[in-house]
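**Q** Encoded as structure tokens, here's the structure I'll be asking about.
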Amino acid sequence: MRLIRIIVYALIFFFVVYCPAQEQTLEERLKLLPQGTELIEHKTGGNEAMAITKHKYYSESMKGEILKFYRQMFVASEFEEMEGVPAGQPDENRQVFFFKKPNLMVMLSFFRHSERGETTYYLVVYRANPSAIQQMMPRE
């Protein structure tokens, strides 16, 4: 009986430590697109303190549908939505939306959209590197 208990604990330990659940990365999630959407440009840049990735999309979906899609995606990924631009305006009057996590921020910016659903928008991912930022800080 004791041997069985040891084996069970060993298996639990193995699965908890060596086989963690595979969480999708943000990059994997951003490959999921709203219906009728295609990636038309992808650029990376930044520096050692901040990595910046810019995605430009064209979509046949309307702005509201696209915003709903990304809100659901980011909430599921435990992002917090920040105040948009312009502040205090309803979604239909706003062009820029922000979502954040520690050391990570995503800006969803609608560049061009029409009532027919033709929409061009950007997702810009800002990923901070805290250790590089710390090294850049002046020391006393």
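Order determines the names: the first chain of the structure tokens is A, the second B, and so forth; residues in each chain are numbered 1 upward, and ligands are numbered 1 upward as they are shown.
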Would you mind listing, for every residue of stretch 25-50 of chain A within 12 Å of stretch 101-114 of chain A, the two atoms forming the shortest contact and the distance between them in Å to one decimal, using only C-alpha atoms, sorted by chain and ascending residue number, as a Markdown table?
**A**
```
| residue | atom | partner | partner_atom | distance |
| --- | --- | --- | --- | --- |
| A:Leu26 | CA | A:Leu104 | CA | 9.9 |
| A:Glu27 | CA | A:Val106 | CA | 11.5 |
| A:Leu30 | CA | A:Val106 | CA | 10.8 |
| A:Ala49 | CA | A:Asn103 | CA | 10.5 |
| A:Met50 | CA | A:Asn103 | CA | 9.2 |
```
**Q** How about saving the chosen residues, C-alpha atoms kept, as a PDB file, in the first residue's frame?
**A**
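Saved the output as again.pdb:
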```pdb
ATOM      1  CA  LEU A  26       0.510  35.957 -27.152  1.00  0.00           C
ATOM      2  CA  GLU A  27       2.205  35.415 -30.503  1.00  0.00           C
ATOM      3  CA  LEU A  30      -2.376  36.762 -32.457  1.00  0.00           C
ATOM      4  CA  ALA A  49      14.714  47.452 -22.940  1.00  0.00           C
ATOM      5  CA  MET A  50      11.558  47.272 -25.077  1.00  0.00           C
TER       6      MET A  50
END
```
**Q** Quick one: residues within 12 Å of A:Arg71, only C-alpha atoms counted, chain neighbours fewer than 4 positions away excluded, as an MDAnalysis selection string?
**A** chainID A and resid 34 64:67 75:82 91 97:100 106:108
**Q** Any chance you could list, as a PyMOL selection string, the residues in stretch 83-114 of chain A that come up strand (DSSP E) when DSSP is run on the backbone?
**A** chain A and resi 83-85+96-101+104-113
**Q** Rounded to one decimal in Å, what is the spacing between atom CA of A:Glu92 and atom CA of A:Thr119?
**A**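 If I compute the distance from atom CA of A:Glu92 to atom CA of A:Thr119, I get 13.5 Å.
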**Q** Let me make sure I understand: among A:Ser131, A:Val125, A:Tyr58, A:Tyr70, which one has the smallest atom-to-atom distance to A:Gly46 if we use only C-alpha atoms?
**A**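 Distance minimum relative to A:Gly46 lands on A:Val125.
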**Q** Of the candidates A:Lys68, A:Arg29, A:Lys63, A:Arg127, which one gets nearest to A:Thr44 if we count only C-alpha atoms?
**A**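 That would be A:Arg127, the residue with the smallest distance to A:Thr44.
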**Q** Closest to A:Ile40 among A:Phe69, A:Tyr126, A:Tyr121, A:Tyr57, using only C-alpha atoms?
**A**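 Among the listed residues, A:Tyr57 lies closest to A:Ile40.
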**Q** Quick one: residues within 10 Å of A:Gly45, only C-alpha atoms counted, chain neighbours fewer than 6 positions away excluded, as a list of chain:residue names?
**A**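 Contacts, in chain order: A:Ala51, A:Ile52, A:Thr53, A:Lys54, A:Tyr126.
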**Q** Just checking: using only C-alpha atoms, which residue out of A:Leu123, A:Glu118, A:Glu60, A:Gln95 ends up closest to A:Lys31?
**A**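 Closest residue, counting only C-alpha atoms: A:Leu123.
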**Q** As a list in words, which residues of stretch 26-104 of chain A does DSSP assign to alpha helix (DSSP H)?
**A**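 Checking each residue of stretch 26-104 of chain A, the alpha helix (DSSP H) ones are Leu26, Glu27, Glu28, Arg29, Lys63, Gly64, Glu65, Ile66, Leu67, Lys68, Phe69, Tyr70, Arg71, Gln72, Met73, Phe74, Val75 and Ala76 of chain A.
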**Q** As an exercise, work out the distance from atom CA of A:His42 to atom CA of A:Gln72 in Å and give it to one decimal place.
**A**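 If I compute the distance from atom CA of A:His42 to atom CA of A:Gln72, I get 22.6 Å.
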**Q** So how many Å separate atom CA of A:His55 and atom CA of A:Ala128, to one decimal?
**A**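 These atoms are spaced 17.6 Å apart.
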